[in-house]
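Below is one structure, written out as structure tokens; comments come after it.
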Amino acid sequence: MRVAIISVFTDYHRKGRHHRGGLQPQIGPLIAGLLPDWCEVEIVNDTWDDPDWSKTYDLVFLSCVHADWDRARQISHYYRRRGARTVLGGSMAGTYPHLCAPYFDAVVIGDPEDTVGRVVEDARANRLQPVYRSAGYFADRVPVPRIAPVARQQVFPLSVEATRGCPYACDFCALTAVGTRHALRPVHTVVRDILAGQAALREAGVAGWKRRLIVFYDNNLAGNLRWFRELCLALKPLDVLWGACLTFNVIANRDLLKLMYDCGCRAVFVGLETFNPDTLADITKPQNNIGKMAQAIAQSRDEGILVIAGLIVSPVHDDEAYIRSLPDHLDACGLHVPSFVSFETPIPGTPFFDRMAASPQPLFLPNANLYDFSAYTLVLQPHKAPLDAFLAAYHETMRRIYAPPRRLAKLADDLPRLLRRGSWTAAALDLGDMWVTNFDPVPGRTFMAGTDTLPPETVPFERDDFDSEAQRLDICSPTLVTDEEGRVLPGWRRHEKVFNLEALRKSAVTA
């Protein structure tokens, strides 16, 4: 059986460029590791390159987030017309299976470890079911990911998932939409994956220095600090260098930073989110502390660990003056230049989305399409500024933040601290990050839902790929989330909570 695993990508900046950055999707190697030997498997990282449209498959697994869904259903239709059966997984599939079902042969709700095997066996026996539901996370079933096939499509090919989910329930986070959980793997299995990955990359001819660099793809690697300390100590004898996504409370703990550096950590990503206390309270992120940001960032650099961070601009709580003050806040806390400044976005299915949708007055912008819910297009009416003034302040501030002199100033502040500690890897990562980080929007972008430029990605459909003009429009037209008044359309008001684990396990017992 010829099987393709496609991680779907839509360029949120509307430039039509693939994202060949340091973070690449890892669901492909994970699913490949779950497939039996009789499958002929190809991993397609749409983030790095388009699929090879000339190839045909028997079964196609697709994974996407909400903003990529239009492209996912178009890719599905393309391969279905060429004889494949298609299966969708990911957060969109989990939260809105009723909207996904018409465009795929099967929808997977939840984790892959106990579903992928059933899907592929049923596909081989021609009894594919419309819905597969996971009974939860099973750490003992996590396979060694097959990373070698995509080693040339990764800046850092040794990529590992050690935990899944996050213990926090931030109001705007897609993880909260599917259900808060934080599952831990035994540390020895994480070490197993690292050693197996290094061996596979060595056999694939990957350079030795790349085999020492690990990126942990966990949403929050340190969600359980006792387990995290155990992991750090297990990494030390491996002589590896690593980076991960963590929460603010970790970088605020200097003793923990010392342990992390000693065990190989050189960079962390932290969602600082905001300098506005009203926004911080509203998004339910108690682990952040605005008053301690400067101290936390300074001590991280002094301990040899680069802090990479992102910010959000809130249409609910931020006004023009606050947006224009961001460069000063960034300088004061020592971050200087964030990796991104996005809009606080109510992703469908999140508590934030439900709260905004429940308002008697429409709070969303009219004719918002699903691909607008990427965090790089505004989808809510600003509450504290006129729409045009809010966007003008954002545009002006972005140009100031990412101006070349500010990026140089960040390096001038970071590098002496990092190099004083002997952290050459962190310094190199900082240089690379500032080289690629910029603000250069394509002409015509409005950054406003309903009017922003269309995503430029295409699928090479042929004339006979559609039975009618109505079918072509159904497949190829953008998916609307709001109407012409900004009210949420009915189909988006009903969604599932994927990880209601008690209910899942009861259903598994009775199935």
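Ordering of the structure tokens sets the chain letters (A, B, ...), residue numbers begin anew at 1 in every chain, and ligands are numbered from 1 in the order given.
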Worksheet item: Could you pull out all residues of region 43-95 of chain A with a DSSP call of alpha helix (DSSP H) and give them as a PyMOL selection string?
Response: chain A and resi 69-80+91-95
Discussion item. Give me the residues near Gln26 (chain A) as number ranges by chain, where near means some atom within 12 Å (using only C-alpha atoms) and where sequence neighbours in that chain fewer than 3 positions away do not count.
Written reply: A: 5-8, 22-23, 29-33, 43-47, 63-64, 144-151, 153-154, 156-161, 215-218
Worksheet item: Quick one: residues within 9 Å of region 233-247 of chain A, only C-alpha atoms counted, chain neighbours fewer than 5 positions away excluded, as a PyMOL selection string?
Response: chain A and resi 187-188+191+195+211-223+228+259-272+287-288+425
Near region 179-184 of chain A, 12 Å: region 151-171 of chain A residue rows, closest pairs, only C-alpha atoms, as a tab-separated table:
```
residue	atom	partner	partner_atom	distance
A:Glu161	CA	A:Leu184	CA	10.0
A:Ala162	CA	A:Leu184	CA	6.9
A:Thr163	CA	A:Leu184	CA	4.7
A:Arg164	CA	A:Ala183	CA	5.1
A:Gly165	CA	A:His182	CA	4.5
A:Cys166	CA	A:His182	CA	4.6
A:Pro167	CA	A:His182	CA	5.2
A:Tyr168	CA	A:Thr180	CA	7.0
A:Ala169	CA	A:Thr180	CA	6.1
A:Cys170	CA	A:Thr180	CA	9.3
A:Asp171	CA	A:Thr180	CA	10.9
```
How would the residues just picked look written out with N, CA, C and O atoms as a short mmCIF file (atom, residue, chain, number, x, y, z; two decimals), in the first residue's frame?
```cif
data_model
loop_
_atom_site.label_atom_id
_atom_site.label_comp_id
_atom_site.auth_asym_id
_atom_site.auth_seq_id
_atom_site.Cartn_x
_atom_site.Cartn_y
_atom_site.Cartn_z
N GLU A 161 9.68 14.72 20.55
CA GLU A 161 8.55 15.08 21.40
C GLU A 161 8.64 14.23 22.66
O GLU A 161 8.62 13.01 22.60
N ALA A 162 8.74 14.88 23.81
CA ALA A 162 8.88 14.17 25.08
C ALA A 162 7.60 14.19 25.91
O ALA A 162 7.39 13.31 26.74
N THR A 163 6.78 15.22 25.73
CA THR A 163 5.50 15.32 26.44
C THR A 163 4.45 15.73 25.41
O THR A 163 4.77 16.05 24.26
N ARG A 164 3.21 15.73 25.82
CA ARG A 164 2.16 16.17 24.91
C ARG A 164 1.16 17.01 25.69
O ARG A 164 0.68 16.62 26.75
N GLY A 165 0.82 18.18 25.13
CA GLY A 165 -0.13 19.07 25.78
C GLY A 165 0.56 20.06 26.71
O GLY A 165 1.77 20.30 26.63
N CYS A 166 -0.22 20.62 27.62
CA CYS A 166 0.27 21.65 28.54
C CYS A 166 -0.67 21.69 29.75
O CYS A 166 -1.89 21.56 29.59
N PRO A 167 -0.13 21.86 30.96
CA PRO A 167 -1.00 21.88 32.13
C PRO A 167 -1.81 23.16 32.28
O PRO A 167 -2.76 23.20 33.07
N TYR A 168 -1.44 24.21 31.55
CA TYR A 168 -2.15 25.48 31.66
C TYR A 168 -3.33 25.52 30.69
O TYR A 168 -3.38 24.77 29.71
N ALA A 169 -4.26 26.40 30.95
CA ALA A 169 -5.47 26.50 30.13
C ALA A 169 -5.65 27.94 29.65
O ALA A 169 -6.66 28.59 29.93
N CYS A 170 -4.67 28.44 28.90
CA CYS A 170 -4.76 29.81 28.39
C CYS A 170 -5.97 29.96 27.49
O CYS A 170 -6.24 29.12 26.62
N ASP A 171 -6.66 31.06 27.67
CA ASP A 171 -7.97 31.28 27.06
C ASP A 171 -7.95 31.23 25.54
O ASP A 171 -8.91 30.80 24.91
#
```
Practice prompt. Mind listing the strand (DSSP E) residues of region 282-477 of chain A, per DSSP on the backbone, as a ChimeraX atom specification?
Written response: /A:306-313,340-343
